[in-house]
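A.B. asks: Contents of protein.csv (CSV, C-alpha atoms) are given next:
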chain,number,residue,atom,x,y,z
P,1,MET,CA,-5.1,157.5,86.7
P,2,ARG,CA,-2.6,159.8,88.4
P,3,TYR,CA,-5.0,160.7,91.1
P,4,HIS,CA,-5.8,157.1,91.7
P,5,ILE,CA,-2.1,156.1,92.2
P,6,LEU,CA,-1.6,159.0,94.6
P,7,ALA,CA,-4.5,158.0,96.6
P,8,ILE,CA,-3.2,154.5,97.0
P,9,PHE,CA,0.2,155.8,98.1
P,10,ALA,CA,-1.4,158.1,100.7
P,11,VAL,CA,-3.4,155.3,102.3
P,12,SER,CA,-0.3,153.1,102.5
P,13,MET,CA,1.7,155.8,104.2
P,14,LEU,CA,-1.1,156.4,106.7
P,15,LEU,CA,-1.3,152.8,107.7
P,16,PHE,CA,2.5,152.6,108.1
P,17,PHE,CA,3.0,155.6,110.3
P,18,GLY,CA,-0.2,154.8,112.2
P,19,CYS,CA,1.1,151.4,113.2
P,20,ALA,CA,4.5,152.6,114.0
P,21,SER,CA,3.2,155.2,116.4
P,22,THR,CA,0.9,152.8,118.3
P,23,PRO,CA,2.1,152.8,122.0
P,24,PRO,CA,3.6,149.5,123.2
P,25,GLY,CA,1.5,147.1,125.4
P,26,PRO,CA,2.7,144.8,128.2
P,27,VAL,CA,5.6,142.6,127.4
P,28,VAL,CA,4.6,138.9,127.2
P,29,THR,CA,7.4,136.4,128.2
P,30,PRO,CA,7.0,133.2,126.2
P,31,GLU,CA,6.6,129.9,128.2
P,32,PRO,CA,9.7,127.7,128.1
P,33,VAL,CA,9.4,124.7,125.9
P,34,ALA,CA,9.0,121.5,127.9
P,35,ASN,CA,12.0,119.2,127.9
P,36,ASN,CA,10.9,115.5,128.1
P,37,THR,CA,14.5,114.2,128.3
P,38,PRO,CA,15.0,113.1,132.0
P,39,ALA,CA,17.9,114.4,133.8
P,40,PRO,CA,20.9,112.1,134.1
P,41,SER,CA,20.5,109.7,137.0
P,42,ASN,CA,23.2,108.1,139.2
P,43,ASN,CA,22.8,104.8,137.4
P,44,SER,CA,23.3,106.3,133.9
P,45,THR,CA,26.3,108.2,135.3
P,46,ALA,CA,27.7,104.9,136.5
P,47,ALA,CA,26.9,103.4,133.1
P,48,GLN,CA,29.0,106.1,131.5
P,49,ALA,CA,31.9,105.1,133.8
P,50,LEU,CA,31.7,101.2,134.0
P,51,PRO,CA,34.7,99.7,135.8
P,52,CYS,CA,37.1,97.3,134.1
P,53,THR,CA,36.4,98.5,130.6
P,54,ALA,CA,39.5,100.5,129.8
P,55,GLY,CA,41.9,97.7,129.0
P,56,ASN,CA,42.0,94.8,126.7
P,57,ILE,CA,40.1,91.5,127.3
P,58,VAL,CA,42.7,89.9,129.5
P,59,GLN,CA,43.2,93.1,131.6
P,60,ASN,CA,39.4,93.5,131.9
P,61,ASP,CA,38.9,89.9,133.0
P,62,ASN,CA,41.6,90.3,135.7
P,63,CYS,CA,40.0,93.5,136.8
P,64,PHE,CA,36.5,91.9,137.1
P,65,GLY,CA,38.0,89.0,139.0
P,66,SER,CA,39.8,91.3,141.5
P,67,LEU,CA,36.7,93.4,141.8
P,68,ALA,CA,34.5,90.4,142.6
P,69,LEU,CA,36.8,89.4,145.5
P,70,GLU,CA,37.2,93.0,146.7
P,71,LYS,CA,33.5,93.6,146.8
P,72,SER,CA,32.6,90.0,147.8
P,73,ASN,CA,30.1,90.1,144.9
P,74,PHE,CA,30.1,87.1,142.5
P,75,THR,CA,28.0,89.1,139.9
P,76,TYR,CA,31.2,90.8,138.7
P,77,CYS,CA,32.4,87.3,137.7
P,78,LYS,CA,29.6,87.2,135.0
P,79,SER,CA,31.4,90.0,133.1
P,80,ILE,CA,34.5,87.9,132.6
P,81,TYR,CA,35.0,86.6,129.1
P,82,ALA,CA,37.5,83.7,129.5
P,83,ILE,CA,35.7,80.5,130.7
P,84,ASP,CA,38.6,79.3,132.9
P,85,LYS,CA,38.8,82.7,134.7
P,86,TYR,CA,35.0,82.8,134.9
P,87,ASP,CA,35.0,79.5,136.7
P,88,ALA,CA,37.9,80.4,138.9
P,89,CYS,CA,36.1,83.6,139.9
P,90,LEU,CA,32.9,81.7,140.8
P,91,ALA,CA,34.8,79.1,142.7
P,92,HIS,CA,35.7,81.7,145.4
P,93,PHE,CA,32.0,81.8,146.2
P,94,ALA,CA,30.8,78.3,145.1
P,95,ASN,CA,31.8,76.3,148.2
P,96,SER,CA,29.1,78.0,150.2
P,97,SER,CA,26.5,78.4,147.5
P,98,LEU,CA,25.0,75.5,145.6
P,99,ASP,CA,23.4,77.8,143.0
P,100,ILE,CA,26.7,79.5,142.2
P,101,CYS,CA,28.4,76.1,142.2
P,102,LYS,CA,26.0,74.8,139.5
P,103,GLN,CA,27.1,77.7,137.2
P,104,ILE,CA,30.7,76.5,137.1
P,105,THR,CA,31.4,74.8,133.7
P,106,GLY,CA,34.7,73.0,134.5
P,107,SER,CA,34.2,69.5,135.9
P,108,ASP,CA,37.0,69.5,138.5
P,109,LEU,CA,36.0,72.8,140.1
P,110,ARG,CA,32.3,71.8,140.0
P,111,PHE,CA,33.1,68.4,141.6
P,112,SER,CA,35.0,70.2,144.3
P,113,CYS,CA,32.3,72.7,145.1
P,114,LEU,CA,29.6,70.1,145.0
P,115,THR,CA,31.5,68.1,147.5
P,116,ALA,CA,32.0,71.1,149.7
P,117,ASN,CA,28.3,71.9,149.6
P,118,ALA,CA,27.4,68.2,150.2
P,119,VAL,CA,29.6,68.1,153.3
P,120,ALA,CA,28.3,71.4,154.6
P,121,ASN,CA,24.7,70.3,154.2
P,122,LYS,CA,25.4,66.6,155.0
P,123,SER,CA,23.5,65.8,151.7
P,124,GLU,CA,23.8,62.6,149.8
P,125,SER,CA,21.7,64.0,147.1
P,126,ILE,CA,24.2,66.7,146.3
P,127,CYS,CA,27.0,64.1,146.0
P,128,ASN,CA,24.7,62.3,143.5
P,129,MET,CA,24.8,65.5,141.3
P,130,ILE,CA,28.4,64.6,140.5
P,131,ASP,CA,28.5,62.8,137.1
P,132,ASN,CA,31.8,61.1,137.8
P,133,THR,CA,31.7,57.7,139.6
P,134,ASP,CA,35.0,58.1,141.5
P,135,ALA,CA,34.4,61.7,142.5
P,136,ALA,CA,30.8,60.9,143.6
P,137,ALA,CA,32.1,58.0,145.7
P,138,ALA,CA,34.7,60.2,147.3
P,139,CYS,CA,32.0,62.7,148.1
P,140,LEU,CA,29.8,60.1,149.6
P,141,ARG,CA,32.7,58.9,151.8
P,142,LYS,CA,32.9,62.4,153.3
P,143,VAL,CA,29.1,62.7,153.8
P,144,LEU,CA,27.8,59.3,154.8
P,145,PRO,CA,28.7,57.5,158.0
P,146,PRO,CA,31.3,54.8,157.2
P,147,CYS,CA,28.8,51.9,157.8
P,148,MET,CA,26.4,53.3,155.1
P,149,LEU,CA,29.1,52.9,152.4
P,150,ILE,CA,29.0,49.1,152.8
P,151,SER,CA,27.0,47.5,150.0
P,152,SER,CA,26.2,44.2,151.8
P,153,GLU,CA,23.2,44.6,154.0
P,154,SER,CA,24.4,42.0,156.6
P,155,ALA,CA,27.9,43.6,156.7
P,156,ARG,CA,26.3,47.0,157.0
P,157,ASN,CA,24.1,45.9,159.9
P,158,LEU,CA,27.1,44.4,161.6
P,159,CYS,CA,29.0,47.7,161.2
P,160,ILE,CA,26.2,49.7,162.7
P,161,ALA,CA,25.7,47.2,165.5
P,162,LEU,CA,29.4,47.4,166.4
P,163,ASP,CA,29.4,51.2,166.1
P,164,LYS,CA,26.4,51.4,168.5
P,165,ASN,CA,27.7,48.4,170.6
P,166,ASP,CA,24.2,46.8,170.3
P,167,PHE,CA,23.8,43.4,168.8
P,168,SER,CA,20.0,43.8,168.7
P,169,LEU,CA,20.5,45.9,165.6
P,170,CYS,CA,21.6,42.7,163.7
P,171,THR,CA,19.0,41.3,161.4
P,172,ASP,CA,20.5,37.9,160.7
P,173,ASP,CA,22.7,35.2,162.2
P,174,ALA,CA,25.8,36.2,160.3
P,175,CYS,CA,25.7,39.6,161.8
P,176,LEU,CA,25.2,38.2,165.3
P,177,GLU,CA,28.1,35.9,164.9
P,178,GLY,CA,30.3,38.7,163.6
P,179,PHE,CA,29.3,40.9,166.6
P,180,ALA,CA,30.1,38.1,169.0
P,181,LEU,CA,33.5,37.3,167.6
P,182,ASN,CA,34.4,41.0,167.4
P,183,THR,CA,33.3,41.8,171.0
P,184,SER,CA,33.6,38.3,172.7
P,185,ASN,CA,30.0,38.7,173.6
P,186,GLU,CA,28.4,35.3,174.4
P,187,LEU,CA,24.9,36.8,174.6
P,188,ALA,CA,25.1,37.6,170.9
P,189,CYS,CA,25.9,34.0,170.2
P,190,GLY,CA,22.8,33.0,172.2
P,191,ALA,CA,20.6,35.1,169.9
P,192,ILE,CA,21.7,33.1,166.8
P,193,THR,CA,18.7,31.3,165.4
P,194,LYS,CA,20.4,28.2,163.9
P,195,GLN,CA,21.3,25.9,166.8
P,196,SER,CA,24.5,24.5,165.3
P,197,ASP,CA,25.8,27.9,164.5
P,198,ARG,CA,24.9,29.1,168.0
P,199,TYR,CA,27.2,26.6,169.7
P,200,PHE,CA,29.9,27.1,167.1
P,201,CYS,CA,29.9,30.8,167.9
P,202,LEU,CA,30.1,30.0,171.6
P,203,ALA,CA,33.1,27.8,171.1
P,204,LEU,CA,34.9,30.5,169.1
P,205,VAL,CA,34.1,33.2,171.7
P,206,LYS,CA,35.3,30.9,174.5
P,207,LYS,CA,38.2,29.6,172.4
P,208,SER,CA,37.2,26.1,173.5
P,209,VAL,CA,36.2,23.2,171.3
P,210,GLY,CA,34.8,21.6,174.5
P,211,SER,CA,32.0,24.3,174.5
P,212,CYS,CA,30.4,22.3,171.7
P,213,LEU,CA,29.5,19.6,174.2
P,214,GLU,CA,26.9,22.0,175.7
P,215,ALA,CA,24.7,21.5,172.6
P,216,PRO,CA,21.7,19.2,173.4
P,217,LEU,CA,22.1,16.8,170.4
P,218,THR,CA,25.1,14.7,169.4
P,219,PRO,CA,25.0,15.6,165.7
P,220,ILE,CA,25.1,19.3,166.6
P,221,GLN,CA,27.9,18.6,169.0
P,222,ASP,CA,29.9,16.7,166.4
P,223,SER,CA,29.3,19.3,163.7
P,224,CYS,CA,30.4,22.1,166.1
P,225,ILE,CA,33.5,20.1,167.1
P,226,GLU,CA,34.6,19.7,163.5
P,227,GLN,CA,34.1,23.3,162.6
P,228,SER,CA,35.5,24.8,165.8
P,229,SER,CA,38.6,22.5,165.8
P,230,GLU,CA,39.4,23.7,162.3
P,231,ALA,CA,38.6,27.4,163.1
P,232,LEU,CA,40.7,27.3,166.3
P,233,ASN,CA,43.4,25.2,164.6
P,234,ASP,CA,43.1,22.6,167.4
P,235,VAL,CA,43.6,19.1,166.1
P,236,SER,CA,43.1,17.7,169.6
P,237,GLY,CA,39.5,18.8,169.4
P,238,CYS,CA,38.7,16.2,166.8
P,239,SER,CA,38.9,13.5,169.5
P,240,LEU,CA,35.8,15.0,171.2
P,241,ALA,CA,33.6,14.0,168.3
P,242,THR,CA,31.9,10.6,168.0
P,243,ARG,CA,34.5,8.0,167.3
P,244,ASP,CA,34.9,7.0,163.7
P,245,GLY,CA,31.9,9.3,162.8
P,246,MET,CA,31.8,11.4,159.7
P,247,TYR,CA,32.6,14.6,161.6
P,248,GLN,CA,35.6,13.2,163.4
P,249,ASN,CA,37.0,11.5,160.3
P,250,ASN,CA,36.6,14.7,158.3
P,251,CYS,CA,38.3,16.6,161.1
P,252,TYR,CA,41.4,14.4,161.0
P,253,LEU,CA,41.5,14.5,157.2
P,254,TYR,CA,41.4,18.3,157.2
P,255,PHE,CA,44.5,18.5,159.6
P,256,ALA,CA,46.3,15.8,157.7
P,257,ILE,CA,46.1,17.8,154.4
P,258,GLN,CA,46.7,21.1,156.0
P,259,GLY,CA,49.8,19.8,157.9
P,260,ASN,CA,50.9,17.5,155.1
P,261,ASN,CA,50.8,14.7,157.7
P,262,ALA,CA,49.2,11.5,156.5
P,263,THR,CA,49.9,9.8,159.9
P,264,LEU,CA,46.8,11.6,161.3
P,265,CYS,CA,44.7,9.2,159.3
P,266,GLN,CA,45.9,6.5,161.7
P,267,LYS,CA,43.7,8.0,164.3
P,268,ILE,CA,40.6,6.9,162.4
P,269,ALA,CA,39.2,3.7,163.9
P,270,SER,CA,37.9,1.6,161.1
P,271,GLU,CA,40.1,0.3,158.2
P,272,THR,CA,37.6,1.3,155.5
P,273,ASN,CA,37.5,4.9,156.7
P,274,ARG,CA,41.2,5.0,157.4
P,275,ASP,CA,41.9,3.9,153.8
P,276,ALA,CA,39.5,6.6,152.6
P,277,CYS,CA,41.4,9.1,154.6
P,278,TYR,CA,44.7,8.0,152.9
P,279,LYS,CA,43.1,8.2,149.4
P,280,ASN,CA,41.6,11.6,150.0
P,281,TYR,CA,44.8,12.9,151.5
P,282,SER,CA,46.6,11.8,148.3
P,283,ILE,CA,44.1,13.6,146.2
P,284,GLY,CA,44.2,16.7,148.4
P,285,THR,CA,48.0,16.9,148.4
P,286,ALA,CA,48.7,15.6,144.8
P,287,THR,CA,51.0,13.0,146.2
P,288,THR,CA,50.9,9.2,146.3
P,289,ASP,CA,53.1,8.6,149.4
P,290,ALA,CA,50.1,7.5,151.4
P,291,CYS,CA,48.6,5.2,148.8
P,292,PRO,CA,50.8,2.2,149.9
P,293,LYS,CA,49.3,2.4,153.4
P,294,ILE,CA,45.9,1.5,152.0
P,295,VAL,CA,45.1,-2.1,153.0
P,296,GLU,CA,42.4,-3.0,150.4
P,297,SER,CA,44.2,-3.5,147.0
P,298,THR,CA,41.4,-2.1,144.8
P,299,ASN,CA,41.3,1.1,146.9
P,300,ARG,CA,45.1,1.3,146.9
P,301,ILE,CA,45.1,1.2,143.1
P,302,ASP,CA,42.3,3.7,142.9
P,303,CYS,CA,44.4,6.0,145.2
P,304,TYR,CA,47.0,6.3,142.4
P,305,PHE,CA,44.4,6.7,139.7
P,306,LYS,CA,42.4,9.4,141.4
P,307,ALA,CA,45.4,11.3,142.7
P,308,ALA,CA,47.0,11.4,139.2
P,309,LYS,CA,43.8,12.2,137.3
P,310,LEU,CA,42.4,14.8,139.6
P,311,SER,CA,45.7,16.6,140.0
P,312,ARG,CA,46.4,16.3,136.2
P,313,MET,CA,49.9,14.8,137.1
P,314,PRO,CA,50.6,11.6,135.2
P,315,SER,CA,53.9,11.2,137.0
P,316,LEU,CA,52.0,10.0,140.1
P,317,CYS,CA,51.3,6.8,138.1
P,318,ASN,CA,55.0,5.8,138.1
P,319,PRO,CA,55.0,3.8,141.3
P,320,LEU,CA,52.3,1.4,140.1
P,321,TRP,CA,53.6,-2.1,139.9
P,322,THR,CA,52.4,-3.4,136.4
P,323,ASP,CA,52.5,-1.8,132.9
P,324,ASP,CA,48.8,-2.3,132.5
P,325,LEU,CA,48.1,-0.4,135.7
P,326,LYS,CA,50.5,2.3,134.7
P,327,ASN,CA,49.0,2.6,131.2
P,328,THR,CA,45.5,2.9,132.6
P,329,CYS,CA,46.6,5.5,135.0
P,330,TYR,CA,48.6,7.5,132.4
P,331,SER,CA,45.6,7.4,130.1
P,332,GLY,CA,43.3,8.8,132.7
P,333,ALA,CA,45.7,11.6,133.8
P,334,ILE,CA,46.7,12.6,130.3
P,335,LEU,CA,43.8,12.0,127.9
P,336,TYR,CA,40.8,12.8,129.9
P,337,PRO,CA,41.2,16.0,131.9
P,338,ALA,CA,39.5,18.7,129.8
P,339,SER,CA,42.3,21.2,130.6
P,340,GLY,CA,45.0,18.6,129.8
P,341,PRO,CA,47.9,17.5,132.0
P,342,VAL,CA,50.1,19.9,133.8
P,343,PRO,CA,52.9,20.7,131.3
P,344,SER,CA,55.6,20.8,133.9
P,345,ASP,CA,54.8,17.3,135.0
P,346,CYS,CA,55.4,15.7,131.6
P,347,PRO,CA,59.2,15.3,132.0
P,348,GLY,CA,58.5,13.2,135.2
P,349,VAL,CA,56.5,10.5,133.3
P,350,SER,CA,58.7,7.4,133.3
P,351,SER,CA,57.3,6.1,130.0
P,352,THR,CA,58.7,7.9,127.0
P,353,GLN,CA,55.6,7.2,124.9
P,354,TRP,CA,53.3,8.6,127.5
P,355,ALA,CA,55.6,11.5,128.1
P,356,ASP,CA,55.2,12.4,124.5
P,357,LYS,CA,51.5,12.1,124.7
P,358,CYS,CA,51.6,14.3,127.8
P,359,TYR,CA,53.4,17.1,125.8
P,360,TYR,CA,51.0,16.7,122.9
P,361,GLN,CA,47.9,17.0,125.1
P,362,ALA,CA,49.4,19.8,127.1
P,363,ALA,CA,50.3,21.7,123.9
P,364,ARG,CA,46.7,21.4,122.6
P,365,ALA,CA,45.2,22.4,125.9
P,366,THR,CA,47.4,25.4,126.4
P,367,TYR,CA,47.9,26.5,122.8
P,368,ASN,CA,51.6,26.3,123.3
P,369,GLY,CA,53.4,24.9,120.3
P,370,THR,CA,56.8,25.0,122.0
P,371,LEU,CA,55.8,21.9,123.9
P,372,CYS,CA,55.7,19.9,120.7
P,373,GLY,CA,59.4,20.5,120.3
P,374,LEU,CA,60.0,18.6,123.6
P,375,MET,CA,58.7,15.4,122.2
P,376,THR,CA,61.2,12.7,121.1
P,377,ASP,CA,62.3,12.9,117.5
P,378,GLY,CA,60.9,9.5,116.7
P,379,ALA,CA,57.5,10.2,118.1
P,380,SER,CA,54.8,9.6,115.6
P,381,ASP,CA,52.7,12.3,117.1
P,382,LYS,CA,55.4,15.0,117.0
P,383,LYS,CA,54.7,15.9,113.4
P,384,ASN,CA,51.0,16.1,114.0
P,385,CYS,CA,51.6,18.3,117.1
P,386,LEU,CA,53.8,20.7,115.2
P,387,SER,CA,51.4,20.9,112.3
P,388,LEU,CA,48.7,22.1,114.7
P,389,PHE,CA,50.7,25.3,115.1
P,390,ASN,CA,52.1,25.4,111.5
P,391,LEU,CA,55.5,24.6,112.8
P,392,GLY,CA,56.0,21.3,110.9
Now, as a test, write the supplied structure out as structure tokens.
C.D. replies:
Amino acid sequence: MRYHILAIFAVSMLLFFGCASTPPGPVVTPEPVANNTPAPSNNSTAAQALPCTAGNIVQNDNCFGSLALEKSNFTYCKSIYAIDKYDACLAHFANSSLDICKQITGSDLRFSCLTANAVANKSESICNMIDNTDAAAACLRKVLPPCMLISSESARNLCIALDKNDFSLCTDDACLEGFALNTSNELACGAITKQSDRYFCLALVKKSVGSCLEAPLTPIQDSCIEQSSEALNDVSGCSLATRDGMYQNNCYLYFAIQGNNATLCQKIASETNRDACYKNYSIGTATTDACPKIVESTNRIDCYFKAAKLSRMPSLCNPLWTDDLKNTCYSGAILYPASGPVPSDCPGVSSTQWADKCYYQAARATYNGTLCGLMTDGASDKKNCLSLFNLG
């Protein structure tokens, strides 16, 4: 056993000293381990030092806004947190860029930059992007030619024709007449299709009712004379129309009413037409001063009736000469007009009974209960009138 243990020890020592005494070979330098992490780039360096990140939100927003202007680069605006500051930042660039303008959230700033872009591009369609009627209309006024803003086709054509000084651009008679009157152009009148309007236009351009006599037919002449006399405010022109004809009589009636001068009816030749002029004058002026001038009695009475009823003024019945005529006239003027009598005329009614009825009907028609209080105390209808308004 002893010899066995010694043998093992001896072999172990031999191996140890043999290895230790082995001469060294060439030194092998190990390959460096590959590093797959990329070297820092300029971008990552910039990322580690982002601008406008050192302060609070307000400071950073102000910083980005200033930086956007300094660098003339709207992308810095996108880093702004507050919406109003974001919009204000974009607004500096939006007037010249429709895409940037569309990114603005505030309506006023967006309307403003859309208008600026529309004007720069002369674009009606950009104005139509504005979802506010007034703002869109204001935009269109800056973009479209003034004539194109007129809704009426005829008026728009007239505007264009006047702007171009070319009546051939008119597409209807109204445009041609308007062009002629604005430019005193007789040729434009000559292009009017309707013959009566053509000569009326010439009379106005020449400022002469007598120009109507150039028309080939008498009815056209007379119609032109009536219209141009009224348009030129020339009562003497009426005399040029066919004597006692419809156009001449209407012409005199027009000036009688306009001038509150019933004596012009005397220029009408026939008695019947003259009486009609007095009656129509009374109706047109809500007076009955001319009624006594009517020769035929039935027409004279009818003058009072019609003037009172159509003007809703029962006091015009007062001059009638019998109670029966007055009562009939009062009835027509007070009871039958759907809108009732004129309240202010009621005090002028000479009959107390009919004056009360006037107040009653006026109160009902106007829903004015205070008129009931103006009725006489003994009026049978006063209580009924007050009860309508819960005043009794």
A.B. asks: Report, in Å to a single decimal, how far apart atom CA of Gly373 of chain P and atom CA of Pro347 of chain P are.
C.D. replies: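 Between these atoms lies a distance of 12.8 Å.
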A.B. asks: Within 12 Å of (45.8, 4.3, 135.7) (coordinates as in the file), grab all the protein and nucleic acid residues, counting only C-alpha atoms, and write them out as number ranges by chain.
C.D. replies: P: 298, 300-310, 313-336, 354
A.B. asks: For Asp222 of chain P, which residue among P:Gly245, P:Val235, P:Asn384, P:Leu202 is the nearest when counting all atoms listed in the file?
C.D. replies: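 Between P:Gly245, P:Val235, P:Asn384, P:Leu202, the residue approaching Asp222 of chain P most closely is P:Gly245.
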A.B. asks: Within 12 Å of (32.0, 40.6, 168.1) in the file's own coordinates, which protein, DNA or RNA residues have an atom, counting all atoms listed in the file? List them as a PyMOL selection string.
C.D. replies: chain P and resi 158-159+161-163+165-167+170+174-189+201-202+204-205
A.B. asks: Find the distance between atom CA of Leu67 of chain P and atom CA of Asn121 of chain P and write it in Å to one decimal.
C.D. replies: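 Atom CA of Leu67 of chain P sits 28.8 Å away from atom CA of Asn121 of chain P.
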A.B. asks: Just need segment 243-266 of chain P in a file, please: N, CA and C atoms, as a PDB file, in the first residue's frame.
C.D. replies:
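What landed in selection-v7.pdb:
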ATOM      1  N   ARG P 243    -106.958 112.852 -77.521  1.00  0.00           N
ATOM      2  CA  ARG P 243    -107.861 113.591 -76.653  1.00  0.00           C
ATOM      3  C   ARG P 243    -108.948 112.690 -76.078  1.00  0.00           C
ATOM      4  N   ASP P 244    -109.128 112.756 -74.772  1.00  0.00           N
ATOM      5  CA  ASP P 244    -110.143 112.007 -74.031  1.00  0.00           C
ATOM      6  C   ASP P 244    -109.955 110.494 -74.136  1.00  0.00           C
ATOM      7  N   GLY P 245    -108.758 110.101 -74.543  1.00  0.00           N
ATOM      8  CA  GLY P 245    -108.458 108.670 -74.584  1.00  0.00           C
ATOM      9  C   GLY P 245    -108.024 108.176 -73.219  1.00  0.00           C
ATOM     10  N   MET P 246    -107.984 106.879 -73.074  1.00  0.00           N
ATOM     11  CA  MET P 246    -107.637 106.275 -71.781  1.00  0.00           C
ATOM     12  C   MET P 246    -106.277 106.756 -71.279  1.00  0.00           C
ATOM     13  N   TYR P 247    -105.283 106.811 -72.168  1.00  0.00           N
ATOM     14  CA  TYR P 247    -103.937 107.173 -71.745  1.00  0.00           C
ATOM     15  C   TYR P 247    -103.859 108.636 -71.317  1.00  0.00           C
ATOM     16  N   GLN P 248    -104.535 109.527 -72.049  1.00  0.00           N
ATOM     17  CA  GLN P 248    -104.516 110.928 -71.670  1.00  0.00           C
ATOM     18  C   GLN P 248    -105.245 111.150 -70.349  1.00  0.00           C
ATOM     19  N   ASN P 249    -106.409 110.522 -70.189  1.00  0.00           N
ATOM     20  CA  ASN P 249    -107.174 110.701 -68.953  1.00  0.00           C
ATOM     21  C   ASN P 249    -106.426 110.162 -67.738  1.00  0.00           C
ATOM     22  N   ASN P 250    -105.778 109.015 -67.904  1.00  0.00           N
ATOM     23  CA  ASN P 250    -104.977 108.455 -66.808  1.00  0.00           C
ATOM     24  C   ASN P 250    -103.789 109.356 -66.479  1.00  0.00           C
ATOM     25  N   CYS P 251    -103.265 109.978 -67.508  1.00  0.00           N
ATOM     26  CA  CYS P 251    -102.132 110.888 -67.324  1.00  0.00           C
ATOM     27  C   CYS P 251    -102.541 112.073 -66.460  1.00  0.00           C
ATOM     28  N   TYR P 252    -103.689 112.703 -66.788  1.00  0.00           N
ATOM     29  CA  TYR P 252    -104.168 113.846 -65.998  1.00  0.00           C
ATOM     30  C   TYR P 252    -104.527 113.419 -64.568  1.00  0.00           C
ATOM     31  N   LEU P 253    -105.132 112.237 -64.415  1.00  0.00           N
ATOM     32  CA  LEU P 253    -105.481 111.753 -63.082  1.00  0.00           C
ATOM     33  C   LEU P 253    -104.231 111.564 -62.231  1.00  0.00           C
ATOM     34  N   TYR P 254    -103.183 111.004 -62.817  1.00  0.00           N
ATOM     35  CA  TYR P 254    -101.923 110.785 -62.093  1.00  0.00           C
ATOM     36  C   TYR P 254    -101.400 112.099 -61.522  1.00  0.00           C
ATOM     37  N   PHE P 255    -101.336 113.127 -62.357  1.00  0.00           N
ATOM     38  CA  PHE P 255    -100.784 114.407 -61.887  1.00  0.00           C
ATOM     39  C   PHE P 255    -101.730 115.115 -60.925  1.00  0.00           C
ATOM     40  N   ALA P 256    -103.035 114.879 -61.070  1.00  0.00           N
ATOM     41  CA  ALA P 256    -103.995 115.458 -60.134  1.00  0.00           C
ATOM     42  C   ALA P 256    -103.767 114.913 -58.730  1.00  0.00           C
ATOM     43  N   ILE P 257    -103.601 113.585 -58.633  1.00  0.00           N
ATOM     44  CA  ILE P 257    -103.374 112.946 -57.325  1.00  0.00           C
ATOM     45  C   ILE P 257    -102.002 113.329 -56.772  1.00  0.00           C
ATOM     46  N   GLN P 258    -100.973 113.273 -57.632  1.00  0.00           N
ATOM     47  CA  GLN P 258     -99.619 113.581 -57.166  1.00  0.00           C
ATOM     48  C   GLN P 258     -99.501 115.018 -56.678  1.00  0.00           C
ATOM     49  N   GLY P 259    -100.184 115.921 -57.363  1.00  0.00           N
ATOM     50  CA  GLY P 259    -100.094 117.323 -56.982  1.00  0.00           C
ATOM     51  C   GLY P 259    -101.225 117.796 -56.094  1.00  0.00           C
ATOM     52  N   ASN P 260    -102.094 116.849 -55.710  1.00  0.00           N
ATOM     53  CA  ASN P 260    -103.261 117.196 -54.878  1.00  0.00           C
ATOM     54  C   ASN P 260    -104.028 118.361 -55.519  1.00  0.00           C
ATOM     55  N   ASN P 261    -104.256 118.214 -56.830  1.00  0.00           N
ATOM     56  CA  ASN P 261    -104.847 119.281 -57.632  1.00  0.00           C
ATOM     57  C   ASN P 261    -105.968 118.717 -58.500  1.00  0.00           C
ATOM     58  N   ALA P 262    -107.191 118.748 -57.971  1.00  0.00           N
ATOM     59  CA  ALA P 262    -108.332 118.174 -58.685  1.00  0.00           C
ATOM     60  C   ALA P 262    -108.698 118.957 -59.934  1.00  0.00           C
ATOM     61  N   THR P 263    -108.254 120.202 -60.054  1.00  0.00           N
ATOM     62  CA  THR P 263    -108.616 121.015 -61.226  1.00  0.00           C
ATOM     63  C   THR P 263    -108.060 120.435 -62.525  1.00  0.00           C
ATOM     64  N   LEU P 264    -107.048 119.571 -62.437  1.00  0.00           N
ATOM     65  CA  LEU P 264    -106.509 118.958 -63.655  1.00  0.00           C
ATOM     66  C   LEU P 264    -107.543 118.049 -64.311  1.00  0.00           C
ATOM     67  N   CYS P 265    -108.502 117.568 -63.524  1.00  0.00           N
ATOM     68  CA  CYS P 265    -109.556 116.734 -64.112  1.00  0.00           C
ATOM     69  C   CYS P 265    -110.387 117.537 -65.120  1.00  0.00           C
ATOM     70  N   GLN P 266    -110.378 118.848 -64.994  1.00  0.00           N
ATOM     71  CA  GLN P 266    -111.141 119.680 -65.912  1.00  0.00           C
ATOM     72  C   GLN P 266    -110.597 119.615 -67.334  1.00  0.00           C
TER      73      GLN P 266
END
